[in-house]
Amino acid sequence: MLDLLITNATLPDGRKRMSVAVQDGRIAEVTEGLQAAAHETVDAGGLLLSPPFVDAHFHMDSTLSYGQPRVNESGTLLEGIALWGELKPQLTHEAIVERALRYCDWAVARGLLAVRSHVDTSHPSLLPVQALLDVKKRVAPYLDLQLVAFPQDGVLRAPGGLDNLQRALDLGVDVVGGIPHFERTYAQGTDSVKLLCELAASQGKRVDMHCDESDDPHSRHVETLAYETQRLGLQGRVTGSHLTSMHSMDNYYVSKLIALMAEADLGVVANPLINITLQGRHDTYPKRRGMTRVPELMAAGLTVAFGHDCVLDPWYSGGSADMLEAAHMGLHVGQMTSQAAMHQCFDAVTTHPARLLGLEGYGLATGSHADFVLLHARDPVEAIRLRATRLAVYRRGKKVASSPVPVAALALPGRPDSADFLAR
């Protein structure tokens, strides 16, 4: 007898009336119209069953700290970094853990079951690192937390930056990070990319680098990142995050750059909510949107994901762990309004980030982990439009979160008594 059987589901690829059979925490079969004995059978009613959401870029050590020690009045990236620097001496292990666990509760409720979080390694105490390693162990039964050693103050700019980052890796941090555009000089930024990629190659680590998070079209460290990826044989294991300078670059140069990135099989993470908020702050009008060239990068065959980046922290005063909100913003900022492009936006918060994280057993296929989300939507486009309610969230075949059907009661003469917002 099966442990769980989901019937009459629509899958993101458009297949309808599909059944998903679960045994021992894995998907035993995915087929149309399966009828079999199960301890629990759930009729999806034609609604969308999706693999879980994945956030390829987040900062869990700073999340839910908004207003401490003060609010970012300018709204700029640099004031956010300065604010985080003011907050760091006040941090405690317990406070970081408590805020991160609360955020993970939100994530599970939103069907977000895998997060790659950058964690600041700049201070010799490595307090944020030790706190998030604690969180990683505690949430492992219900959420995959992958950590990136992130030298927020610059691996070469900050005294002891490289040593601190190496110690973070030794403690169990998964991925090598960097921030070349924040080093003191462009040359130091280039050196940091080379140094950190060599470090990752020597230790068999993936790389995820904050790269060119700037409106300056001359910030071109992603070119070096693509080169080092090829030189060191790291293809498919390196991600450039943000890449907002590409928004402002000359088109001819970008035509060369995207080709180099594709040769290196470089992963890309755009952070639509934060990029549209932080970039263009020095512009009058017209104001640049700032998000990198997502449609063009996808068209070149690169794996492009959307990250949430920040929630209620020194850089961003909004957010609720909803990756559909990131997809919704990405759709608008990137003007990705064709049917195919809107489906790509859904992929950018599900299958694409899962690929960048190297998640084992992800997806709706026989043998995959029985991790999935039942959404109050009939297809991915409708899910983004509605930021669809997560009716049920499953982890290894066990329901870990649920929400009621979102129906509004109406009292209007001659009209129905409710509205559920699904398109008919």
# chains A, B, ... in the order shown; residues from 1 in each chain; ligands from 1
>>> residues_around(residues="range 305-307 of chain A", least_positions_apart="3", cutoff="7 Å", atoms="only C-alpha atoms", output="number ranges by chain")
A: 55-58, 268-272, 326-327, 348-349, 352-353
>>> residues_around(residues="Asp212 in chain A", least_positions_apart="2", cutoff="9 Å", atoms="only C-alpha atoms", output="PyMOL selection string")
chain A and resi 179-182+210+214-222+240-246
>>> closest_residue(among="A:Val400, A:Leu171, A:Val294, A:Ala377", to="Ala9 in chain A", atoms="only C-alpha atoms")
A:Ala377
>>> closest_residue(among="A:Ala300, A:Val54, A:Ala107, A:Ala21", to="Ala259 in chain A", atoms="only C-alpha atoms")
A:Ala300
>>> residues_around(residues="Gly280 in chain A", least_positions_apart="2", cutoff="8 Å", atoms="only C-alpha atoms", output="PyMOL selection string")
chain A and resi 215+276+278+282-283+287-290
>>> atom_distance(atom1="CA of Asp163 in chain A", atom2="CA of Arg99 in chain A")
27.3 Å
>>> select_by_dssp(residues="range 145-201 of chain A", states="strand (DSSP E or B)", output="number ranges by chain")
A: 145-150, 175-178
>>> write_last_selection(atoms="N, CA, C and O atoms", output="PDB file, in the first residue's frame")
ATOM      1  N   LEU A 145      19.202  23.914   3.803  1.00  0.00           N
ATOM      2  CA  LEU A 145      19.867  25.206   3.936  1.00  0.00           C
ATOM      3  C   LEU A 145      21.321  25.051   3.504  1.00  0.00           C
ATOM      4  O   LEU A 145      22.087  24.321   4.133  1.00  0.00           O
ATOM      5  N   GLN A 146      21.665  25.718   2.412  1.00  0.00           N
ATOM      6  CA  GLN A 146      23.031  25.690   1.896  1.00  0.00           C
ATOM      7  C   GLN A 146      23.680  27.035   2.206  1.00  0.00           C
ATOM      8  O   GLN A 146      23.088  28.079   1.956  1.00  0.00           O
ATOM      9  N   LEU A 147      24.874  27.017   2.766  1.00  0.00           N
ATOM     10  CA  LEU A 147      25.530  28.241   3.235  1.00  0.00           C
ATOM     11  C   LEU A 147      26.708  28.622   2.342  1.00  0.00           C
ATOM     12  O   LEU A 147      27.492  27.767   1.923  1.00  0.00           O
ATOM     13  N   VAL A 148      26.819  29.932   2.099  1.00  0.00           N
ATOM     14  CA  VAL A 148      27.910  30.495   1.305  1.00  0.00           C
ATOM     15  C   VAL A 148      28.783  31.356   2.210  1.00  0.00           C
ATOM     16  O   VAL A 148      28.281  32.245   2.909  1.00  0.00           O
ATOM     17  N   ALA A 149      30.083  31.108   2.205  1.00  0.00           N
ATOM     18  CA  ALA A 149      31.020  31.931   2.972  1.00  0.00           C
ATOM     19  C   ALA A 149      31.175  33.270   2.254  1.00  0.00           C
ATOM     20  O   ALA A 149      31.812  33.359   1.202  1.00  0.00           O
ATOM     21  N   PHE A 150      30.592  34.310   2.840  1.00  0.00           N
ATOM     22  CA  PHE A 150      30.476  35.600   2.167  1.00  0.00           C
ATOM     23  C   PHE A 150      31.281  36.669   2.902  1.00  0.00           C
ATOM     24  O   PHE A 150      30.898  37.116   3.989  1.00  0.00           O
ATOM     25  N   VAL A 175      29.803  26.661   0.325  1.00  0.00           N
ATOM     26  CA  VAL A 175      30.089  27.332  -0.947  1.00  0.00           C
ATOM     27  C   VAL A 175      31.016  28.516  -0.698  1.00  0.00           C
ATOM     28  O   VAL A 175      30.938  29.171   0.340  1.00  0.00           O
ATOM     29  N   VAL A 176      31.895  28.807  -1.675  1.00  0.00           N
ATOM     30  CA  VAL A 176      32.799  29.952  -1.598  1.00  0.00           C
ATOM     31  C   VAL A 176      32.117  31.172  -2.214  1.00  0.00           C
ATOM     32  O   VAL A 176      31.639  31.120  -3.349  1.00  0.00           O
ATOM     33  N   GLY A 177      32.077  32.267  -1.461  1.00  0.00           N
ATOM     34  CA  GLY A 177      31.486  33.509  -1.950  1.00  0.00           C
ATOM     35  C   GLY A 177      32.516  34.603  -2.092  1.00  0.00           C
ATOM     36  O   GLY A 177      33.696  34.435  -1.757  1.00  0.00           O
ATOM     37  N   GLY A 178      32.072  35.757  -2.592  1.00  0.00           N
ATOM     38  CA  GLY A 178      32.954  36.900  -2.754  1.00  0.00           C
ATOM     39  C   GLY A 178      32.159  38.142  -3.096  1.00  0.00           C
ATOM     40  O   GLY A 178      30.950  38.069  -3.346  1.00  0.00           O
TER      41      GLY A 178
END
>>> select_by_dssp(residues="range 150-353 of chain A", states="helix (DSSP H, G or I)", output="NGL selection string")
:A and (161-171 or 180-182 or 186-203 or 221-231 or 244-248 or 251-263 or 272-278 or 294-299 or 323-333 or 339-347 or 351-353)
>>> atom_distance(atom1="CA of Leu386 in chain A", atom2="CA of Thr351 in chain A")
19.9 Å
>>> closest_atom_pairs(of="range 113-187 of chain A", to="range 85-88 of chain A", cutoff="10 Å", atoms="only C-alpha atoms", output="Markdown table")
| residue | atom | partner | partner_atom | distance |
| --- | --- | --- | --- | --- |
| A:Asp120 | CA | A:Lys88 | CA | 9.8 |
| A:Ser122 | CA | A:Gly85 | CA | 9.9 |
| A:His123 | CA | A:Lys88 | CA | 8.6 |
| A:Leu127 | CA | A:Lys88 | CA | 9.2 |
| A:Pro128 | CA | A:Lys88 | CA | 9.0 |
| A:Gln152 | CA | A:Gly85 | CA | 9.4 |
| A:Asp153 | CA | A:Gly85 | CA | 8.8 |
>>> write_last_selection(atoms="all heavy atoms", output="PDB file, in the first residue's frame")
ATOM      1  N   ASP A 120      27.908  36.153   6.544  1.00  0.00           N
ATOM      2  CA  ASP A 120      29.045  37.062   6.665  1.00  0.00           C
ATOM      3  C   ASP A 120      30.198  36.410   7.428  1.00  0.00           C
ATOM      4  O   ASP A 120      30.041  35.949   8.558  1.00  0.00           O
ATOM      5  CB  ASP A 120      28.585  38.338   7.374  1.00  0.00           C
ATOM      6  CG  ASP A 120      29.605  39.459   7.309  1.00  0.00           C
ATOM      7  OD1 ASP A 120      30.712  39.227   6.787  1.00  0.00           O
ATOM      8  OD2 ASP A 120      29.292  40.568   7.782  1.00  0.00           O
ATOM      9  N   SER A 122      33.179  38.194   7.765  1.00  0.00           N
ATOM     10  CA  SER A 122      34.159  39.273   7.896  1.00  0.00           C
ATOM     11  C   SER A 122      34.771  39.405   9.282  1.00  0.00           C
ATOM     12  O   SER A 122      35.916  39.832   9.426  1.00  0.00           O
ATOM     13  CB  SER A 122      33.516  40.606   7.488  1.00  0.00           C
ATOM     14  OG  SER A 122      33.151  40.584   6.127  1.00  0.00           O
ATOM     15  N   HIS A 123      34.005  39.070  10.317  1.00  0.00           N
ATOM     16  CA  HIS A 123      34.520  39.244  11.682  1.00  0.00           C
ATOM     17  C   HIS A 123      35.230  37.976  12.148  1.00  0.00           C
ATOM     18  O   HIS A 123      34.747  36.858  11.913  1.00  0.00           O
ATOM     19  CB  HIS A 123      33.374  39.579  12.641  1.00  0.00           C
ATOM     20  CG  HIS A 123      33.841  40.124  13.955  1.00  0.00           C
ATOM     21  ND1 HIS A 123      34.229  39.297  15.004  1.00  0.00           N
ATOM     22  CD2 HIS A 123      34.009  41.392  14.385  1.00  0.00           C
ATOM     23  CE1 HIS A 123      34.607  40.043  16.023  1.00  0.00           C
ATOM     24  NE2 HIS A 123      34.484  41.314  15.688  1.00  0.00           N
ATOM     25  N   LEU A 127      30.715  34.666  14.287  1.00  0.00           N
ATOM     26  CA  LEU A 127      29.459  34.467  15.013  1.00  0.00           C
ATOM     27  C   LEU A 127      28.294  34.131  14.077  1.00  0.00           C
ATOM     28  O   LEU A 127      27.558  33.161  14.331  1.00  0.00           O
ATOM     29  CB  LEU A 127      29.142  35.713  15.849  1.00  0.00           C
ATOM     30  CG  LEU A 127      27.791  35.719  16.584  1.00  0.00           C
ATOM     31  CD1 LEU A 127      27.750  34.617  17.631  1.00  0.00           C
ATOM     32  CD2 LEU A 127      27.545  37.084  17.221  1.00  0.00           C
ATOM     33  N   PRO A 128      28.074  34.886  12.986  1.00  0.00           N
ATOM     34  CA  PRO A 128      26.960  34.526  12.095  1.00  0.00           C
ATOM     35  C   PRO A 128      27.111  33.131  11.497  1.00  0.00           C
ATOM     36  O   PRO A 128      26.120  32.419  11.318  1.00  0.00           O
ATOM     37  CB  PRO A 128      27.004  35.614  11.012  1.00  0.00           C
ATOM     38  CG  PRO A 128      27.708  36.767  11.644  1.00  0.00           C
ATOM     39  CD  PRO A 128      28.731  36.141  12.547  1.00  0.00           C
ATOM     40  N   GLN A 152      31.572  39.914   3.436  1.00  0.00           N
ATOM     41  CA  GLN A 152      30.807  41.132   3.189  1.00  0.00           C
ATOM     42  C   GLN A 152      31.692  42.375   3.072  1.00  0.00           C
ATOM     43  O   GLN A 152      31.426  43.268   2.257  1.00  0.00           O
ATOM     44  CB  GLN A 152      29.788  41.340   4.311  1.00  0.00           C
ATOM     45  CG  GLN A 152      29.002  42.645   4.261  1.00  0.00           C
ATOM     46  CD  GLN A 152      27.980  42.695   3.152  1.00  0.00           C
ATOM     47  OE1 GLN A 152      26.896  42.152   3.270  1.00  0.00           O
ATOM     48  NE2 GLN A 152      28.322  43.350   2.047  1.00  0.00           N
ATOM     49  N   ASP A 153      32.747  42.453   3.858  1.00  0.00           N
ATOM     50  CA  ASP A 153      33.616  43.635   3.861  1.00  0.00           C
ATOM     51  C   ASP A 153      34.773  43.530   2.879  1.00  0.00           C
ATOM     52  O   ASP A 153      35.662  44.388   2.866  1.00  0.00           O
ATOM     53  CB  ASP A 153      34.169  43.872   5.276  1.00  0.00           C
ATOM     54  CG  ASP A 153      33.063  44.169   6.279  1.00  0.00           C
ATOM     55  OD1 ASP A 153      31.987  44.614   5.848  1.00  0.00           O
ATOM     56  OD2 ASP A 153      33.282  43.946   7.490  1.00  0.00           O
TER      57      ASP A 153
END
>>> closest_residue(among="A:Leu359, A:Val30, A:Leu364, A:Ala383", to="Arg17 in chain A", atoms="only C-alpha atoms")
A:Val30
>>> closest_residue(among="A:Thr239, A:Ser125, A:Thr185, A:Ser402", to="Leu165 in chain A", atoms="only C-alpha atoms")
A:Ser125
>>> atom_distance(atom1="CA of Ala28 in chain A", atom2="CA of Thr366 in chain A")
5.3 Å
>>> residues_around(residues="His328 in chain A", least_positions_apart="6", cutoff="10 Å", atoms="only C-alpha atoms", output="ChimeraX atom specification")
/A:272-273,336,342,345-346,381,383-387
>>> write_last_selection(atoms="N, CA and C atoms", output="short mmCIF file (atom, residue, chain, number, x, y, z; two decimals), in the first residue's frame")
data_model
loop_
_atom_site.label_atom_id
_atom_site.label_comp_id
_atom_site.auth_asym_id
_atom_site.auth_seq_id
_atom_site.Cartn_x
_atom_site.Cartn_y
_atom_site.Cartn_z
N PRO A 272 15.12 40.29 -8.23
CA PRO A 272 14.27 41.37 -8.75
C PRO A 272 13.77 42.34 -7.70
N LEU A 273 13.34 41.85 -6.55
CA LEU A 273 12.80 42.74 -5.52
C LEU A 273 13.84 43.73 -5.03
N MET A 336 8.77 40.21 -19.11
CA MET A 336 8.66 38.82 -19.56
C MET A 336 7.19 38.41 -19.54
N MET A 342 6.67 33.83 -19.07
CA MET A 342 6.08 33.73 -17.73
C MET A 342 6.33 32.35 -17.14
N CYS A 345 9.73 32.41 -15.73
CA CYS A 345 9.79 33.06 -14.41
C CYS A 345 9.44 32.08 -13.31
N PHE A 346 8.50 31.17 -13.57
CA PHE A 346 8.17 30.13 -12.59
C PHE A 346 9.35 29.17 -12.43
N VAL A 381 1.50 30.32 -14.71
CA VAL A 381 1.21 31.72 -14.96
C VAL A 381 0.19 32.24 -13.95
N ALA A 383 -0.33 30.96 -11.04
CA ALA A 383 0.33 30.94 -9.72
C ALA A 383 1.08 32.24 -9.48
N ILE A 384 1.78 32.74 -10.51
CA ILE A 384 2.50 34.00 -10.35
C ILE A 384 1.53 35.16 -10.22
N ARG A 385 0.50 35.16 -11.07
CA ARG A 385 -0.47 36.26 -11.03
C ARG A 385 -1.10 36.42 -9.66
N LEU A 386 -1.45 35.31 -9.04
CA LEU A 386 -2.15 35.35 -7.75
C LEU A 386 -1.21 35.29 -6.56
N ARG A 387 0.12 35.04 -6.83
CA ARG A 387 0.99 34.64 -5.71
C ARG A 387 0.24 33.58 -4.91
#
>>> decode(residues="range 190-317 of chain A", atoms="C-alpha atoms", output="JSON list (two decimals), in the first residue's frame")
[["chain", "number", "residue", "atom", "x", "y", "z"],
["A", 190, "THR", "CA", 39.94, 40.96, -10.06],
["A", 191, "ASP", "CA", 42.53, 39.39, -7.75],
["A", 192, "SER", "CA", 39.80, 38.32, -5.33],
["A", 193, "VAL", "CA", 37.89, 36.48, -8.07],
["A", 194, "LYS", "CA", 41.00, 34.56, -9.09],
["A", 195, "LEU", "CA", 41.95, 33.79, -5.49],
["A", 196, "LEU", "CA", 38.50, 32.60, -4.44],
["A", 197, "CYS", "CA", 37.92, 30.47, -7.53],
["A", 198, "GLU", "CA", 41.29, 28.78, -7.00],
["A", 199, "LEU", "CA", 40.34, 28.14, -3.38],
["A", 200, "ALA", "CA", 37.06, 26.56, -4.43],
["A", 201, "ALA", "CA", 38.71, 24.41, -7.09],
["A", 202, "SER", "CA", 41.29, 23.12, -4.61],
["A", 203, "GLN", "CA", 38.57, 22.09, -2.14],
["A", 204, "GLY", "CA", 35.91, 20.83, -4.54],
["A", 205, "LYS", "CA", 33.51, 23.63, -3.59],
["A", 206, "ARG", "CA", 30.93, 25.51, -5.61],
["A", 207, "VAL", "CA", 31.26, 29.27, -6.05],
["A", 208, "ASP", "CA", 28.54, 31.92, -5.69],
["A", 209, "MET", "CA", 29.86, 35.45, -5.95],
["A", 210, "HIS", "CA", 28.10, 38.77, -5.47],
["A", 211, "CYS", "CA", 29.29, 40.31, -8.69],
["A", 212, "ASP", "CA", 28.93, 43.79, -10.18],
["A", 213, "GLU", "CA", 26.03, 44.84, -7.91],
["A", 214, "SER", "CA", 26.40, 48.34, -9.26],
["A", 215, "ASP", "CA", 24.95, 50.78, -11.80],
["A", 216, "ASP", "CA", 28.48, 51.33, -13.10],
["A", 217, "PRO", "CA", 28.72, 49.80, -16.60],
["A", 218, "HIS", "CA", 32.49, 49.50, -16.12],
["A", 219, "SER", "CA", 32.09, 47.03, -13.25],
["A", 220, "ARG", "CA", 32.93, 43.91, -15.23],
["A", 221, "HIS", "CA", 34.10, 41.32, -12.75],
["A", 222, "VAL", "CA", 31.72, 38.73, -14.19],
["A", 223, "GLU", "CA", 34.04, 38.59, -17.22],
["A", 224, "THR", "CA", 36.86, 37.51, -14.90],
["A", 225, "LEU", "CA", 34.52, 35.08, -13.13],
["A", 226, "ALA", "CA", 33.65, 33.43, -16.47],
["A", 227, "TYR", "CA", 37.34, 33.23, -17.42],
["A", 228, "GLU", "CA", 38.43, 31.70, -14.09],
["A", 229, "THR", "CA", 35.55, 29.23, -14.27],
["A", 230, "GLN", "CA", 36.83, 27.94, -17.60],
["A", 231, "ARG", "CA", 40.50, 28.05, -16.63],
["A", 232, "LEU", "CA", 39.90, 25.96, -13.52],
["A", 233, "GLY", "CA", 37.38, 23.55, -15.02],
["A", 234, "LEU", "CA", 34.55, 24.73, -12.76],
["A", 235, "GLN", "CA", 31.88, 24.84, -15.46],
["A", 236, "GLY", "CA", 28.40, 24.34, -14.03],
["A", 237, "ARG", "CA", 29.60, 24.95, -10.46],
["A", 238, "VAL", "CA", 29.92, 28.74, -10.43],
["A", 239, "THR", "CA", 27.19, 31.36, -10.03],
["A", 240, "GLY", "CA", 27.33, 35.11, -10.48],
["A", 241, "SER", "CA", 24.70, 36.84, -8.36],
["A", 242, "HIS", "CA", 23.12, 40.25, -9.04],
["A", 243, "LEU", "CA", 25.16, 41.28, -12.15],
["A", 244, "THR", "CA", 23.20, 44.54, -12.18],
["A", 245, "SER", "CA", 25.93, 46.46, -14.02],
["A", 246, "MET", "CA", 24.90, 44.51, -17.14],
["A", 247, "HIS", "CA", 21.71, 46.57, -17.12],
["A", 248, "SER", "CA", 23.82, 49.65, -17.92],
["A", 249, "MET", "CA", 26.46, 48.16, -20.20],
["A", 250, "ASP", "CA", 26.97, 48.87, -23.87],
["A", 251, "ASN", "CA", 25.07, 46.36, -26.01],
["A", 252, "TYR", "CA", 28.10, 45.44, -28.10],
["A", 253, "TYR", "CA", 30.15, 44.55, -25.03],
["A", 254, "VAL", "CA", 27.26, 42.54, -23.60],
["A", 255, "SER", "CA", 27.00, 40.53, -26.82],
["A", 256, "LYS", "CA", 30.58, 39.39, -26.20],
["A", 257, "LEU", "CA", 30.12, 38.95, -22.46],
["A", 258, "ILE", "CA", 27.04, 36.72, -22.62],
["A", 259, "ALA", "CA", 28.84, 34.43, -25.07],
["A", 260, "LEU", "CA", 31.76, 34.11, -22.63],
["A", 261, "MET", "CA", 29.37, 33.36, -19.78],
["A", 262, "ALA", "CA", 27.63, 30.68, -21.83],
["A", 263, "GLU", "CA", 30.96, 29.03, -22.70],
["A", 264, "ALA", "CA", 31.70, 28.86, -18.95],
["A", 265, "ASP", "CA", 28.22, 27.46, -18.18],
["A", 266, "LEU", "CA", 27.96, 30.19, -15.56],
["A", 267, "GLY", "CA", 24.89, 30.24, -13.35],
["A", 268, "VAL", "CA", 23.12, 33.57, -12.81],
["A", 269, "VAL", "CA", 20.93, 34.82, -9.98],
["A", 270, "ALA", "CA", 18.92, 38.00, -10.34],
["A", 271, "ASN", "CA", 17.19, 39.41, -7.28],
["A", 272, "PRO", "CA", 14.27, 41.37, -8.75],
["A", 273, "LEU", "CA", 12.80, 42.74, -5.52],
["A", 274, "ILE", "CA", 16.11, 44.10, -4.29],
["A", 275, "ASN", "CA", 17.64, 45.05, -7.64],
["A", 276, "ILE", "CA", 14.65, 47.25, -8.51],
["A", 277, "THR", "CA", 14.81, 48.78, -5.02],
["A", 278, "LEU", "CA", 18.54, 49.48, -4.62],
["A", 279, "GLN", "CA", 19.63, 50.25, -8.17],
["A", 280, "GLY", "CA", 19.18, 53.58, -9.91],
["A", 281, "ARG", "CA", 19.36, 55.48, -6.62],
["A", 282, "HIS", "CA", 21.79, 58.01, -8.10],
["A", 283, "ASP", "CA", 19.62, 58.59, -11.18],
["A", 284, "THR", "CA", 17.19, 61.46, -11.62],
["A", 285, "TYR", "CA", 14.93, 60.58, -14.57],
["A", 286, "PRO", "CA", 14.79, 58.29, -16.41],
["A", 287, "LYS", "CA", 15.66, 55.85, -13.60],
["A", 288, "ARG", "CA", 17.32, 52.54, -14.43],
["A", 289, "ARG", "CA", 15.55, 49.38, -13.33],
["A", 290, "GLY", "CA", 18.86, 47.73, -12.48],
["A", 291, "MET", "CA", 17.96, 44.05, -12.86],
["A", 292, "THR", "CA", 20.38, 42.13, -15.07],
["A", 293, "ARG", "CA", 19.44, 41.02, -18.60],
["A", 294, "VAL", "CA", 17.41, 37.97, -17.65],
["A", 295, "PRO", "CA", 15.62, 37.25, -20.97],
["A", 296, "GLU", "CA", 18.84, 37.59, -22.99],
["A", 297, "LEU", "CA", 20.79, 35.36, -20.59],
["A", 298, "MET", "CA", 18.07, 32.72, -20.70],
["A", 299, "ALA", "CA", 17.98, 32.90, -24.50],
["A", 300, "ALA", "CA", 21.73, 32.18, -24.53],
["A", 301, "GLY", "CA", 21.11, 28.95, -22.60],
["A", 302, "LEU", "CA", 22.33, 30.04, -19.17],
["A", 303, "THR", "CA", 20.59, 28.82, -16.05],
["A", 304, "VAL", "CA", 19.03, 31.93, -14.51],
["A", 305, "ALA", "CA", 17.29, 31.92, -11.12],
["A", 306, "PHE", "CA", 15.52, 34.56, -9.07],
["A", 307, "GLY", "CA", 16.47, 35.07, -5.44],
["A", 308, "HIS", "CA", 14.62, 36.87, -2.67],
["A", 309, "ASP", "CA", 17.93, 38.23, -1.30],
["A", 310, "CYS", "CA", 16.57, 40.15, 1.71],
["A", 311, "VAL", "CA", 13.52, 40.24, 4.00],
["A", 312, "LEU", "CA", 13.09, 42.96, 6.62],
["A", 313, "ASP", "CA", 16.77, 43.80, 6.98],
["A", 314, "PRO", "CA", 19.11, 46.80, 6.47],
["A", 315, "TRP", "CA", 18.63, 46.60, 2.68],
["A", 316, "TYR", "CA", 14.91, 45.86, 2.28],
["A", 317, "SER", "CA", 11.85, 46.77, 4.31]]
